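Containing compact mmCIF, C-alpha atoms: data.txt.
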# COMPACT_ATOMS: atom_id res chain seq x y z
CA MET A 1 -24.34 -19.17 -94.23
CA LYS A 2 -23.86 -22.38 -96.10
CA SER A 3 -27.01 -23.28 -97.92
CA LEU A 4 -26.24 -26.97 -97.83
CA LYS A 5 -24.05 -28.98 -95.56
CA THR A 6 -23.97 -32.74 -95.49
CA LEU A 7 -21.93 -35.42 -93.86
CA MET A 8 -21.71 -37.58 -96.95
CA LEU A 9 -19.51 -35.12 -98.82
CA ALA A 10 -16.73 -37.50 -99.72
CA VAL A 11 -18.94 -40.17 -101.17
CA ALA A 12 -21.68 -38.26 -102.89
CA GLY A 13 -20.24 -38.96 -106.32
CA LEU A 14 -20.09 -42.68 -105.91
CA ALA A 15 -23.76 -43.46 -105.83
CA GLY A 16 -24.27 -42.65 -109.50
CA PHE A 17 -21.83 -45.33 -110.52
CA GLY A 18 -23.61 -48.04 -108.65
CA ILE A 19 -20.74 -48.67 -106.32
CA ALA A 20 -21.64 -49.95 -102.91
CA GLY A 21 -20.91 -46.76 -101.04
CA SER A 22 -20.35 -48.27 -97.65
CA ALA A 23 -17.74 -50.67 -99.03
CA PHE A 24 -15.66 -48.10 -100.89
CA ALA A 25 -16.46 -44.85 -99.20
CA GLN A 26 -13.81 -42.90 -97.42
CA CYS A 27 -15.56 -42.59 -94.11
CA ASP A 28 -13.07 -40.60 -92.07
CA ALA A 29 -12.50 -37.16 -90.62
CA THR A 30 -12.35 -35.56 -94.07
CA ASN A 31 -16.13 -35.86 -94.10
CA LEU A 32 -16.24 -33.17 -91.44
CA SER A 33 -14.29 -30.61 -93.42
CA ALA A 34 -17.37 -28.51 -94.05
CA TRP A 35 -17.69 -27.78 -90.35
CA SER A 36 -15.83 -24.93 -88.66
CA ALA A 37 -14.47 -27.09 -85.84
CA GLN A 38 -14.78 -30.28 -83.89
CA SER A 39 -14.97 -30.14 -80.12
CA VAL A 40 -14.38 -33.29 -78.11
CA GLY A 41 -13.57 -33.68 -74.42
CA GLY A 42 -14.62 -35.03 -71.06
CA GLY A 43 -13.65 -38.56 -70.09
CA THR A 44 -13.67 -40.97 -73.00
CA SER A 45 -15.85 -38.83 -75.28
CA ALA A 46 -15.27 -39.58 -78.95
CA LEU A 47 -16.33 -38.29 -82.35
CA SER A 48 -15.74 -40.11 -85.61
CA ILE A 49 -17.10 -40.90 -89.04
CA VAL A 50 -18.20 -44.44 -89.77
CA ALA A 51 -19.73 -46.29 -92.68
CA GLY A 52 -23.43 -46.89 -92.93
CA GLY A 53 -25.11 -43.54 -93.47
CA TYR A 54 -28.84 -43.12 -93.84
CA ASP A 55 -31.14 -42.65 -96.79
CA SER A 56 -28.52 -43.18 -99.55
CA SER A 57 -25.68 -41.62 -97.60
CA ALA A 58 -22.57 -43.78 -97.17
CA CYS A 59 -21.14 -42.30 -93.98
CA LYS A 60 -22.48 -40.97 -90.72
CA MET A 61 -21.08 -39.23 -87.68
CA GLN A 62 -20.98 -41.04 -84.37
CA SER A 63 -20.81 -39.18 -81.10
CA ALA A 64 -20.25 -40.85 -77.73
CA LEU A 65 -19.90 -39.21 -74.33
CA GLY A 66 -17.58 -40.10 -71.48
CA ASP A 67 -18.44 -40.23 -67.79
CA ASN A 68 -18.02 -36.52 -67.22
CA GLY A 69 -20.50 -33.68 -66.67
CA ALA A 70 -18.52 -31.59 -69.15
CA ALA A 71 -18.43 -34.35 -71.78
CA HIS A 72 -18.90 -33.24 -75.37
CA ALA A 73 -18.38 -34.71 -78.83
CA GLN A 74 -19.74 -32.26 -81.34
CA VAL A 75 -19.11 -30.27 -84.51
CA ARG A 76 -19.53 -26.53 -84.81
CA ASP A 77 -20.71 -24.30 -87.66
CA ASP A 78 -19.65 -20.65 -87.41
CA SER A 79 -21.01 -19.66 -90.80
CA PRO A 80 -24.43 -18.33 -89.69
CA ALA A 81 -24.26 -14.59 -89.12
CA ASN A 82 -26.96 -13.37 -86.77
CA GLU A 83 -29.56 -15.09 -88.92
CA THR A 84 -33.01 -13.79 -88.03
CA ARG A 85 -34.51 -16.77 -89.84
CA TYR A 86 -32.74 -20.09 -89.60
CA ARG A 87 -33.73 -23.60 -90.62
CA ALA A 88 -31.76 -26.74 -89.89
CA GLN A 89 -32.39 -30.41 -90.47
CA PHE A 90 -30.42 -33.49 -89.53
CA ILE A 91 -30.84 -37.20 -88.92
CA PHE A 92 -30.48 -38.45 -85.35
CA ASP A 93 -30.26 -42.16 -84.50
CA PRO A 94 -30.51 -43.05 -80.78
CA THR A 95 -30.44 -46.83 -81.29
CA ASN A 96 -27.62 -47.39 -78.81
CA LEU A 97 -28.98 -45.03 -76.17
CA SER A 98 -31.19 -46.05 -73.30
CA GLY A 99 -34.46 -44.25 -72.74
CA ALA A 100 -34.61 -45.27 -69.11
CA ASN A 101 -35.20 -42.60 -66.46
CA GLY A 102 -36.77 -39.24 -67.22
CA THR A 103 -33.70 -37.32 -66.08
CA ASN A 104 -31.42 -39.29 -68.38
CA GLN A 105 -30.65 -36.38 -70.71
CA ALA A 106 -27.99 -34.96 -73.02
CA VAL A 107 -27.96 -32.13 -75.52
CA VAL A 108 -28.06 -33.07 -79.21
CA PHE A 109 -28.21 -29.75 -81.06
CA LEU A 110 -27.69 -26.06 -80.27
CA ALA A 111 -28.41 -22.97 -82.35
CA ASN A 112 -26.91 -20.05 -80.43
CA SER A 113 -27.08 -16.31 -80.68
CA ASN A 114 -24.00 -14.10 -80.74
CA ALA A 115 -24.53 -12.43 -77.40
CA VAL A 116 -25.94 -13.52 -74.08
CA HIS A 117 -29.50 -12.43 -73.35
CA GLN A 118 -31.28 -13.47 -70.17
CA ASN A 119 -28.09 -15.38 -69.27
CA ARG A 120 -28.36 -17.67 -72.26
CA LEU A 121 -27.09 -18.01 -75.79
CA GLN A 122 -29.29 -20.88 -76.90
CA MET A 123 -32.06 -19.82 -79.29
CA VAL A 124 -32.84 -23.47 -80.02
CA LYS A 125 -31.74 -26.44 -77.96
CA ILE A 126 -32.64 -30.06 -78.67
CA VAL A 127 -32.17 -32.48 -75.78
CA PHE A 128 -32.32 -36.28 -75.90
CA ALA A 129 -34.15 -37.71 -72.88
CA GLY A 130 -35.93 -40.68 -71.45
CA SER A 131 -39.63 -40.39 -70.82
CA GLY A 132 -39.54 -42.03 -67.41
CA GLY A 133 -41.24 -45.04 -68.95
CA GLY A 134 -38.46 -46.16 -71.24
CA THR A 135 -39.48 -44.23 -74.33
CA LYS A 136 -36.78 -42.19 -76.06
CA ARG A 137 -37.80 -38.60 -76.68
CA ILE A 138 -36.40 -35.18 -77.43
CA PHE A 139 -37.14 -31.80 -75.95
CA ILE A 140 -37.15 -28.97 -78.47
CA VAL A 141 -36.49 -25.81 -76.49
CA GLY A 142 -36.73 -22.28 -77.83
CA ALA A 143 -35.59 -19.14 -76.06
CA CYS A 144 -38.47 -16.86 -75.11
CA GLU A 145 -39.07 -13.82 -72.91
CA ASN A 146 -40.87 -15.74 -70.21
CA ALA A 147 -39.10 -15.49 -66.87
CA ALA A 148 -41.63 -17.82 -65.26
CA SER A 149 -40.33 -20.69 -67.40
CA GLN A 150 -36.66 -19.66 -67.08
CA PHE A 151 -36.92 -18.26 -70.63
CA ASN A 152 -37.58 -21.72 -72.09
CA CYS A 153 -40.54 -22.47 -74.34
CA GLN A 154 -40.56 -26.11 -75.30
CA ALA A 155 -42.17 -29.27 -76.53
CA ALA A 156 -41.50 -32.92 -75.72
CA VAL A 157 -41.63 -35.25 -78.71
CA ASN A 158 -41.38 -39.03 -78.49
CA LEU A 159 -39.08 -40.15 -81.26
CA PRO A 160 -41.09 -41.96 -83.95
CA VAL A 161 -38.22 -44.39 -84.55
CA GLN A 162 -36.91 -45.59 -81.22
CA ASN A 163 -34.14 -47.72 -82.70
CA GLY A 164 -33.16 -46.10 -85.96
CA PRO A 165 -32.86 -42.79 -87.75
CA ASN A 166 -35.19 -39.85 -87.12
CA ARG A 167 -35.24 -36.78 -89.33
CA ILE A 168 -35.52 -33.58 -87.29
CA GLU A 169 -36.06 -30.08 -88.69
CA VAL A 170 -36.41 -26.77 -86.87
CA ASP A 171 -37.28 -23.32 -88.18
CA VAL A 172 -36.68 -20.36 -85.89
CA THR A 173 -37.62 -16.76 -86.60
CA ALA A 174 -36.34 -13.97 -84.35
CA GLY A 175 -38.87 -11.35 -83.42
CA ALA A 176 -41.01 -9.69 -80.81
CA SER A 177 -44.07 -11.28 -79.27
CA GLY A 178 -46.29 -12.62 -82.03
CA VAL A 179 -43.46 -12.51 -84.58
CA GLY A 180 -40.76 -14.63 -83.02
CA ALA A 181 -41.52 -18.26 -83.83
CA LEU A 182 -40.19 -21.79 -83.57
CA ARG A 183 -41.54 -24.69 -85.61
CA TYR A 184 -40.38 -28.26 -85.77
CA TRP A 185 -40.79 -31.50 -87.71
CA VAL A 186 -39.82 -34.95 -86.45
CA ASN A 187 -40.30 -38.09 -88.48
CA ASP A 188 -38.64 -41.20 -89.76
CA ALA A 189 -35.61 -40.58 -91.88
CA ALA A 190 -36.44 -42.44 -95.04
CA THR A 191 -39.38 -42.15 -97.33
CA THR A 192 -42.25 -40.55 -95.52
CA GLY A 193 -42.97 -37.44 -93.54
CA LEU A 194 -41.54 -33.94 -93.34
CA GLN A 195 -43.79 -33.00 -96.21
CA ASP A 196 -46.08 -30.81 -94.17
CA ALA A 197 -44.63 -27.33 -94.63
CA ASP A 198 -46.48 -25.97 -91.59
CA GLY A 199 -44.88 -28.28 -89.06
CA VAL A 200 -45.69 -27.92 -85.37
CA THR A 201 -45.42 -24.52 -83.71
CA ILE A 202 -43.99 -23.94 -80.25
CA ALA A 203 -45.44 -20.75 -78.79
CA LEU A 204 -42.61 -18.38 -77.85
CA THR A 205 -44.15 -16.37 -75.02
CA GLY A 206 -42.97 -12.80 -75.29
CA GLY A 207 -41.07 -13.50 -78.49
CA ASN A 208 -37.32 -14.03 -78.88
CA SER A 209 -36.05 -10.77 -80.36
CA GLY A 210 -33.58 -10.29 -77.52
CA TRP A 211 -31.43 -13.06 -78.95
CA VAL A 212 -31.23 -11.29 -82.34
CA GLY A 213 -30.39 -14.30 -84.51
CA VAL A 214 -28.56 -17.59 -84.92
CA ASP A 215 -24.79 -17.18 -85.09
CA THR A 216 -23.24 -20.50 -84.07
CA VAL A 217 -24.56 -24.04 -84.38
CA PHE A 218 -23.44 -27.25 -82.68
CA MET A 219 -24.46 -30.80 -83.61
CA GLY A 220 -23.48 -33.84 -81.56
CA MET A 221 -23.89 -35.03 -78.01
CA THR A 222 -22.89 -32.76 -75.13
CA SER A 223 -23.59 -31.92 -71.49
CA PRO A 224 -24.93 -35.25 -70.21
CA SER A 225 -26.96 -35.36 -67.03
CA ALA A 226 -25.83 -37.44 -64.07
CA ASN A 227 -28.46 -40.06 -64.85
CA TYR A 228 -27.41 -40.19 -68.52
CA ARG A 229 -24.02 -41.28 -67.21
CA SER A 230 -25.11 -43.43 -64.31
CA ALA A 231 -24.80 -47.20 -64.53
CA ALA A 232 -27.04 -47.66 -61.51
CA ALA A 233 -30.21 -49.63 -62.10
CA GLY A 234 -32.94 -47.63 -63.77
CA ASN A 235 -30.64 -44.98 -65.18
CA GLY A 236 -29.40 -44.32 -68.68
CA ASN A 237 -25.97 -45.94 -68.47
CA ASN A 238 -25.21 -44.26 -71.78
CA VAL A 239 -21.49 -43.66 -71.23
CA GLY A 240 -19.53 -44.65 -74.31
CA LYS A 241 -22.66 -45.40 -76.34
CA ALA A 242 -22.66 -43.75 -79.73
CA ALA A 243 -25.50 -41.72 -81.14
CA PHE A 244 -25.44 -41.24 -84.90
CA PHE A 245 -25.93 -38.10 -86.98
CA ASP A 246 -26.18 -37.53 -90.70
CA GLN A 247 -27.33 -35.23 -93.50
CA PHE A 248 -27.16 -31.88 -91.76
CA ASP A 249 -28.67 -29.13 -93.89
CA SER A 250 -29.21 -25.47 -92.97
CA ARG A 251 -30.97 -22.66 -94.82
CA ARG A 252 -32.27 -19.16 -94.28
CA GLN A 253 -35.72 -19.49 -95.73
CA THR A 254 -36.71 -22.53 -97.74
CA PHE A 255 -38.45 -25.47 -96.14
CA ILE A 256 -36.01 -28.36 -96.25
CA GLY A 257 -38.49 -31.21 -95.95
CA HIS A 258 -37.86 -34.56 -97.52
CA MET B 30 -20.40 -5.81 -25.08
CA LYS B 31 -22.37 -8.88 -26.11
CA LYS B 32 -24.56 -6.73 -28.38
CA LEU B 33 -21.49 -5.26 -29.99
CA LEU B 34 -20.09 -8.72 -30.70
CA ILE B 35 -23.37 -9.87 -32.22
CA ALA B 36 -23.51 -6.76 -34.37
CA ALA B 37 -19.92 -7.26 -35.48
CA SER B 38 -20.61 -10.88 -36.26
CA LEU B 39 -23.67 -10.03 -38.31
CA ALA B 40 -21.72 -7.39 -40.20
CA LEU B 41 -19.01 -9.89 -41.05
CA THR B 42 -21.55 -12.50 -42.12
CA CYS B 43 -23.39 -10.07 -44.37
CA SER B 44 -20.16 -8.74 -45.77
CA SER B 45 -19.02 -12.24 -46.58
CA ALA B 46 -22.35 -13.29 -48.07
CA PHE B 47 -22.46 -10.37 -50.43
CA ALA B 48 -18.80 -10.13 -51.34
CA ALA B 49 -18.69 -9.72 -55.09
CA GLU B 50 -17.46 -12.71 -57.03
CA PRO B 51 -15.57 -12.13 -60.28
CA THR B 52 -17.67 -12.43 -63.44
CA CYS B 53 -17.11 -12.37 -67.18
CA ALA B 54 -17.65 -8.63 -67.19
CA ALA B 55 -15.28 -8.12 -64.28
CA PRO B 56 -13.05 -11.17 -64.03
CA GLY B 57 -10.63 -11.81 -61.21
CA GLY B 58 -6.90 -11.81 -61.77
CA PRO B 59 -5.18 -11.58 -64.10
CA ILE B 60 -3.33 -14.71 -63.09
CA ALA B 61 0.06 -14.86 -64.78
CA GLY B 62 0.64 -18.56 -65.27
CA PRO B 63 1.39 -21.02 -62.48
CA THR B 64 1.52 -19.36 -59.09
CA GLY B 65 0.66 -22.28 -56.86
CA SER B 66 -1.35 -19.98 -54.63
CA ALA B 67 -4.92 -20.88 -53.80
CA ILE B 68 -7.73 -18.46 -54.56
CA THR B 69 -10.85 -19.00 -52.51
CA GLY B 70 -14.35 -17.82 -53.21
CA ASN B 71 -18.01 -18.73 -53.12
CA THR B 72 -20.07 -18.90 -56.27
CA CYS B 73 -23.23 -18.33 -54.24
CA ALA B 74 -22.13 -14.72 -54.08
CA SER B 75 -21.87 -14.40 -57.84
CA ASP B 76 -24.47 -12.70 -60.00
CA SER B 77 -23.29 -14.56 -63.11
CA ASN B 78 -25.84 -17.20 -64.13
CA LEU B 79 -24.85 -18.15 -67.65
CA THR B 80 -26.42 -21.30 -69.09
CA SER B 81 -23.69 -22.15 -71.57
CA LEU B 82 -19.93 -21.84 -71.86
CA CYS B 83 -17.18 -22.79 -74.32
CA LYS B 84 -18.47 -20.70 -77.23
CA GLY B 85 -21.94 -21.84 -76.25
CA GLY B 86 -21.29 -25.52 -76.90
CA GLN B 87 -21.61 -26.78 -73.35
CA VAL B 88 -24.68 -26.33 -71.19
CA VAL B 89 -23.93 -25.33 -67.61
CA PHE B 90 -25.79 -24.07 -64.60
CA GLY B 91 -24.62 -21.04 -62.74
CA PRO B 92 -23.69 -19.21 -60.80
CA GLN B 93 -20.14 -18.85 -61.98
CA SER B 94 -16.92 -17.24 -60.80
CA VAL B 95 -14.55 -16.10 -63.53
CA TYR B 96 -10.82 -15.39 -63.52
CA LYS B 97 -8.61 -14.07 -66.28
CA MET B 98 -5.32 -15.87 -66.87
CA VAL B 99 -2.58 -14.56 -69.14
CA LEU B 100 -0.14 -17.15 -70.40
CA ALA B 101 3.19 -16.59 -72.09
CA ALA B 102 4.31 -18.70 -75.00
CA SER B 103 6.06 -21.21 -72.78
CA ASN B 104 3.80 -22.31 -70.01
CA GLY B 105 2.89 -25.39 -68.08
CA ALA B 106 -0.03 -24.40 -65.96
CA THR B 107 -2.41 -26.92 -64.46
CA ILE B 108 -5.67 -25.50 -63.17
CA SER B 109 -7.65 -27.22 -60.45
CA VAL B 110 -10.66 -26.37 -58.34
CA THR B 111 -12.07 -28.08 -55.28
CA GLY B 112 -15.57 -27.44 -54.01
CA THR B 113 -16.56 -27.58 -50.39
CA THR B 114 -19.06 -30.42 -49.93
CA PRO B 115 -21.85 -30.48 -50.99
CA TYR B 116 -20.78 -28.18 -53.84
CA ASP B 117 -20.04 -30.14 -57.03
CA THR B 118 -17.88 -27.90 -59.18
CA ALA B 119 -17.20 -28.03 -62.88
CA LEU B 120 -14.16 -26.30 -64.38
CA TYR B 121 -13.94 -24.63 -67.79
CA VAL B 122 -11.01 -22.83 -69.40
CA GLU B 123 -11.94 -20.74 -72.43
CA GLY B 124 -9.47 -19.22 -74.85
CA PRO B 125 -7.01 -18.17 -76.02
CA ASP B 126 -8.63 -14.86 -76.74
CA ALA B 127 -7.33 -13.14 -79.82
CA ALA B 128 -8.39 -9.79 -78.43
CA PRO B 129 -7.51 -9.85 -74.73
CA SER B 130 -9.14 -6.53 -74.06
CA GLN B 131 -12.61 -7.50 -75.10
CA GLY B 132 -13.41 -9.06 -71.74
CA ASN B 133 -16.21 -11.15 -73.14
CA CYS B 134 -15.96 -14.71 -71.93
CA GLU B 135 -19.62 -15.58 -72.46
CA SER B 136 -19.55 -16.46 -76.09
CA GLN B 137 -16.25 -15.77 -77.75
CA ASP B 138 -13.97 -18.68 -77.12
CA ALA B 139 -14.09 -22.46 -77.18
CA CYS B 140 -12.59 -24.59 -74.42
CA ASP B 141 -10.65 -26.92 -76.68
CA ALA B 142 -7.20 -25.37 -76.21
CA VAL B 143 -7.06 -26.31 -72.54
CA GLY B 144 -10.25 -28.14 -71.66
CA SER B 145 -13.14 -28.54 -69.29
CA ASN B 146 -13.82 -31.10 -66.61
CA ASP B 147 -16.52 -32.37 -64.29
CA ALA B 148 -15.27 -35.84 -63.45
CA THR B 149 -15.85 -35.89 -59.71
CA GLY B 150 -18.83 -35.36 -57.45
CA ALA B 151 -19.49 -33.16 -54.45
CA GLY B 152 -16.35 -31.93 -52.78
CA GLY B 153 -14.14 -33.38 -55.51
CA THR B 154 -11.30 -31.74 -57.39
CA GLU B 155 -11.56 -30.93 -61.09
CA THR B 156 -8.35 -30.43 -63.03
CA VAL B 157 -7.54 -29.28 -66.57
CA GLY B 158 -4.18 -28.82 -68.21
CA PRO B 159 -1.27 -28.72 -68.37
CA THR B 160 -1.45 -25.87 -70.83
CA SER B 161 1.92 -26.57 -72.44
CA ASN B 162 0.50 -26.62 -75.94
CA ALA B 163 -2.27 -24.10 -75.43
CA GLY B 164 -0.42 -21.11 -76.81
CA ALA B 165 0.09 -17.64 -75.48
CA GLY B 166 -2.88 -15.45 -74.81
CA THR B 167 -5.66 -14.57 -72.43
CA TYR B 168 -7.79 -17.34 -71.01
CA TYR B 169 -10.84 -17.34 -68.79
CA ILE B 170 -11.03 -19.82 -65.92
CA ILE B 171 -14.66 -20.41 -65.01
CA VAL B 172 -15.84 -22.20 -61.89
CA SER B 173 -19.37 -23.40 -62.48
CA SER B 174 -21.55 -26.48 -62.07
CA THR B 175 -23.25 -28.95 -64.34
CA ASN B 176 -25.40 -30.06 -61.41
CA SER B 177 -27.22 -32.08 -63.96
CA ALA B 178 -29.38 -34.33 -61.82
CA THR B 179 -32.13 -31.75 -62.05
CA GLY B 180 -34.89 -31.61 -64.64
CA SER B 181 -37.64 -34.14 -65.09
CA SER B 182 -39.17 -36.41 -67.67
CA ALA B 183 -41.33 -33.45 -68.67
CA SER B 184 -38.57 -30.90 -68.99
CA PRO B 185 -34.83 -30.51 -69.26
CA PRO B 186 -33.22 -28.64 -66.37
CA ALA B 187 -33.83 -24.94 -66.68
CA ALA B 188 -31.91 -23.56 -63.76
CA SER B 189 -29.87 -24.71 -60.83
CA ALA B 190 -29.03 -23.51 -57.39
CA GLY B 191 -25.76 -25.44 -57.35
CA CYS B 192 -23.21 -23.14 -55.75
CA GLY B 193 -20.80 -23.05 -52.86
CA ALA B 194 -17.32 -22.39 -51.61
CA TYR B 195 -14.32 -23.36 -53.71
CA SER B 196 -10.55 -23.24 -53.78
CA LEU B 197 -8.88 -22.55 -57.14
CA THR B 198 -5.21 -23.19 -57.85
CA VAL B 199 -3.13 -22.52 -60.91
CA GLY B 200 -0.10 -24.70 -60.38
CA GLY B 201 2.43 -26.45 -62.52
CA SER B 202 5.93 -25.66 -63.61
CA LEU B 203 7.24 -22.24 -64.43
CA PRO B 204 9.20 -22.03 -67.65
CA VAL B 205 12.92 -22.36 -67.00
CA LYS B 206 15.58 -20.87 -69.22
CA LEU B 207 19.21 -21.99 -69.02
CA SER B 208 21.16 -18.82 -68.60
CA GLY B 209 24.61 -20.18 -68.07
CA PHE B 210 26.62 -23.38 -68.05
CA SER B 211 30.26 -24.15 -67.57
CA VAL B 212 32.52 -27.13 -66.99
CA ASP B 213 35.29 -26.69 -64.46
Hey, can you dump this file as structure tokens for me?
Amino acid sequence: MKSLKTLMLAVAGLAGFGIAGSAFAQCDATNLSAWSAQSVGGGTSALSIVAGGYDSSACKMQSALGDNGAAHAQVRDDSPANETRYRAQFIFDPTNLSGANGTNQAVVFLANSNAVHQNRLQMVKIVFAGSGGGTKRIFIVGACENAASQFNCQAAVNLPVQNGPNRIEVDVTAGASGVGALRYWVNDAATTGLQDADGVTIALTGGNSGWVGVDTVFMGMTSPSANYRSAAAGNGNNVGKAAFFDQFDSRRQTFIGH
Amino acid sequence: MKKLLIAASLALTCSSAFAAEPTCAAPGGPIAGPTGSAITGNTCASDSNLTSLCKGGQVVFGPQSVYKMVLAASNGATISVTGTTPYDTALYVEGPDAAPSQGNCESQDACDAVGSNDATGAGGTETVGPTSNAGAGTYYIIVSSTNSATGSSASPPAASAGCGAYSLTVGGSLPVKLSGFSVD
């Protein structure tokens, strides 16, 4: 597993020379070379690298979904190998997305196991959503052995920055009931927060040992709901609107923080 | 006589309702490229309820019906599926599989070589392909549903009952090889 993966690879060396990164940076597909693959499809879905990264980064990834239930614009990391402890952090900016309608939803991040258990691969799933009152939020969903909740144990978190970058970190441990754990941190992307090493714990009822460990990771928008794609009044109308991602980092053990 | 007819009718209904649908573990086919023939089925009879496809990158809602398709190097298959209203199908084609015998469509292969589609609503036709540049190998055609109007402001959708009857066709052009030519 890569201990560090970032989307500002091509421009990291420029900052020390005082060059305005966004003006001279090579913000193109070469910035994605650290990822195993890109996966884009469904209507007019698009994935690209653009200037204007966050927190000293020059470039960022933009992901926009087409009007298609199978729409996806994401990158994939195959380097995890059944990791029984997995941490990941990235910046997510939903500025262009609407928070209207509570069923206006699309997946932002997936950390999957190698084999299906309880009909699912997803050990951790992060979903962008509206709150029903216009507030943009995310659901952080962990796999758990609780049939009553369709094997989902989750938390809803209103994004602290509604129109700008949010720094999101998750830490999943595979294990039986009482051992299996999922913690998260969500804060602004710049100078404060993510310094509390304990984070917030999502109780994984029955544990998550059946999923063994994280083996494949996806970052980027995918699987939009009908109301994410609907232009009808009161819905998301988020077709073609780019969400931004930056500074992905994954580790086995150490708190990433900021 | 009437009782016999009712009994026969019930037997047919039950038989139809519980007819096994092909799954990842026991896929239908194999389909050898474009045949043009329609395959009909009903995902309500499937016991496959996977929640993600395409190497796990796309979230779906079962049940699913799964068919194996084996393509030669030169192929031009176009795959389409039509649901019977109110069923809103989604179509996914995973592969090519480097190890055709592994029979594991749940998590092994991405959908990028051919594609996935859920562009239409209930009763619509979803199409992916042609597969001209997809390469030879074993693919899995999966009829499923995104049925993504479910969920709430308190929770993402966790499960779906979206299922129904469908008609699947692998059409397109068969590869043609010029075997002879002469000028009189």
Neighbours of Val143 (chain B) within 7 Å (only C-alpha atoms; same-chain residues fewer than 5 positions away dropped), as a compact mmCIF listing (two decimals) with C-alpha atoms, in the frame of the given file?
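Final output, around_9.txt:
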# COMPACT_ATOMS: atom_id res chain seq x y z
CA VAL B 122 -11.01 -22.83 -69.40
CA VAL B 157 -7.54 -29.28 -66.57
CA GLY B 158 -4.18 -28.82 -68.21
CA THR B 160 -1.45 -25.87 -70.83
CA ALA B 163 -2.27 -24.10 -75.43
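The shortest atom-to-atom distance to chain B, with all atoms listed in the file taken into account, belongs to A:Ala226 out of A:Leu47, A:Val108, A:Ile126, A:Ala226.
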Give one line per residue of chain A that approaches chain B to at most 8 Å, naming the two atoms of the closest pair and their distance in Å to one decimal, counting all atoms listed in the file; sort by chain then ascending residue number and deliver it as JSON lines.
{"residue": "A:Ser39", "atom": "CA", "partner": "B:Asp141", "partner_atom": "CA", "distance": 6.4}
{"residue": "A:Val40", "atom": "CA", "partner": "B:Asp141", "partner_atom": "CA", "distance": 7.5}
{"residue": "A:Gly41", "atom": "CA", "partner": "B:Gly144", "partner_atom": "CA", "distance": 7.0}
{"residue": "A:Gly42", "atom": "CA", "partner": "B:Asn146", "partner_atom": "CA", "distance": 6.0}
{"residue": "A:Gly43", "atom": "CA", "partner": "B:Ala148", "partner_atom": "CA", "distance": 7.4}
{"residue": "A:Asp67", "atom": "CA", "partner": "B:Ala148", "partner_atom": "CA", "distance": 6.9}
{"residue": "A:Asn68", "atom": "CA", "partner": "B:Ala148", "partner_atom": "CA", "distance": 4.7}
{"residue": "A:Gly69", "atom": "CA", "partner": "B:Asp147", "partner_atom": "CA", "distance": 4.8}
{"residue": "A:Ala70", "atom": "CA", "partner": "B:Asp147", "partner_atom": "CA", "distance": 5.3}
{"residue": "A:Ala71", "atom": "CA", "partner": "B:Asn146", "partner_atom": "CA", "distance": 7.7}
{"residue": "A:His72", "atom": "CA", "partner": "B:Gln87", "partner_atom": "CA", "distance": 7.3}
{"residue": "A:Asn101", "atom": "CA", "partner": "B:Ser182", "partner_atom": "CA", "distance": 7.5}
{"residue": "A:Gly102", "atom": "CA", "partner": "B:Ser182", "partner_atom": "CA", "distance": 3.7}
{"residue": "A:Thr103", "atom": "CA", "partner": "B:Ser181", "partner_atom": "CA", "distance": 5.2}
{"residue": "A:Gln105", "atom": "CA", "partner": "B:Pro185", "partner_atom": "CA", "distance": 7.4}
{"residue": "A:Val107", "atom": "CA", "partner": "B:Val88", "partner_atom": "CA", "distance": 7.9}
{"residue": "A:Leu110", "atom": "CA", "partner": "B:Gly86", "partner_atom": "CA", "distance": 7.3}
{"residue": "A:Asn112", "atom": "CA", "partner": "B:Gly85", "partner_atom": "CA", "distance": 6.7}
{"residue": "A:Asn114", "atom": "CA", "partner": "B:Ser136", "partner_atom": "CA", "distance": 6.9}
{"residue": "A:Ala115", "atom": "CA", "partner": "B:Ser136", "partner_atom": "CA", "distance": 6.5}
{"residue": "A:Val116", "atom": "CA", "partner": "B:Glu135", "partner_atom": "CA", "distance": 6.8}
{"residue": "A:Asn119", "atom": "CA", "partner": "B:Leu79", "partner_atom": "CA", "distance": 4.6}
{"residue": "A:Arg120", "atom": "CA", "partner": "B:Thr80", "partner_atom": "CA", "distance": 5.2}
{"residue": "A:Leu121", "atom": "CA", "partner": "B:Gly85", "partner_atom": "CA", "distance": 6.4}
{"residue": "A:Gln122", "atom": "CA", "partner": "B:Gly85", "partner_atom": "CA", "distance": 7.4}
{"residue": "A:Val127", "atom": "CA", "partner": "B:Pro185", "partner_atom": "CA", "distance": 7.3}
{"residue": "A:Ala129", "atom": "CA", "partner": "B:Ser182", "partner_atom": "CA", "distance": 7.4}
{"residue": "A:Gly130", "atom": "CA", "partner": "B:Ser182", "partner_atom": "CA", "distance": 6.6}
{"residue": "A:Ser131", "atom": "CA", "partner": "B:Ser182", "partner_atom": "CA", "distance": 5.1}
{"residue": "A:Gly132", "atom": "CA", "partner": "B:Ser182", "partner_atom": "CA", "distance": 5.6}
{"residue": "A:Phe139", "atom": "CA", "partner": "B:Ser184", "partner_atom": "CA", "distance": 7.2}
{"residue": "A:Ser149", "atom": "CA", "partner": "B:Ala187", "partner_atom": "CA", "distance": 7.8}
{"residue": "A:Gln150", "atom": "CA", "partner": "B:Ala187", "partner_atom": "CA", "distance": 6.0}
{"residue": "A:Asn152", "atom": "CA", "partner": "B:Ala187", "partner_atom": "CA", "distance": 7.3}
{"residue": "A:Ala156", "atom": "CA", "partner": "B:Ala183", "partner_atom": "CA", "distance": 7.1}
{"residue": "A:Phe218", "atom": "CA", "partner": "B:Gly86", "partner_atom": "CA", "distance": 6.4}
{"residue": "A:Thr222", "atom": "CA", "partner": "B:Gln87", "partner_atom": "CA", "distance": 6.4}
{"residue": "A:Ser223", "atom": "CA", "partner": "B:Val88", "partner_atom": "CA", "distance": 5.7}
{"residue": "A:Pro224", "atom": "CA", "partner": "B:Ser177", "partner_atom": "CA", "distance": 7.4}
{"residue": "A:Ser225", "atom": "CA", "partner": "B:Ser177", "partner_atom": "CA", "distance": 4.5}
{"residue": "A:Ala226", "atom": "CA", "partner": "B:Ala178", "partner_atom": "CA", "distance": 5.2}
{"residue": "A:Asn227", "atom": "CA", "partner": "B:Ala178", "partner_atom": "CA", "distance": 6.5}
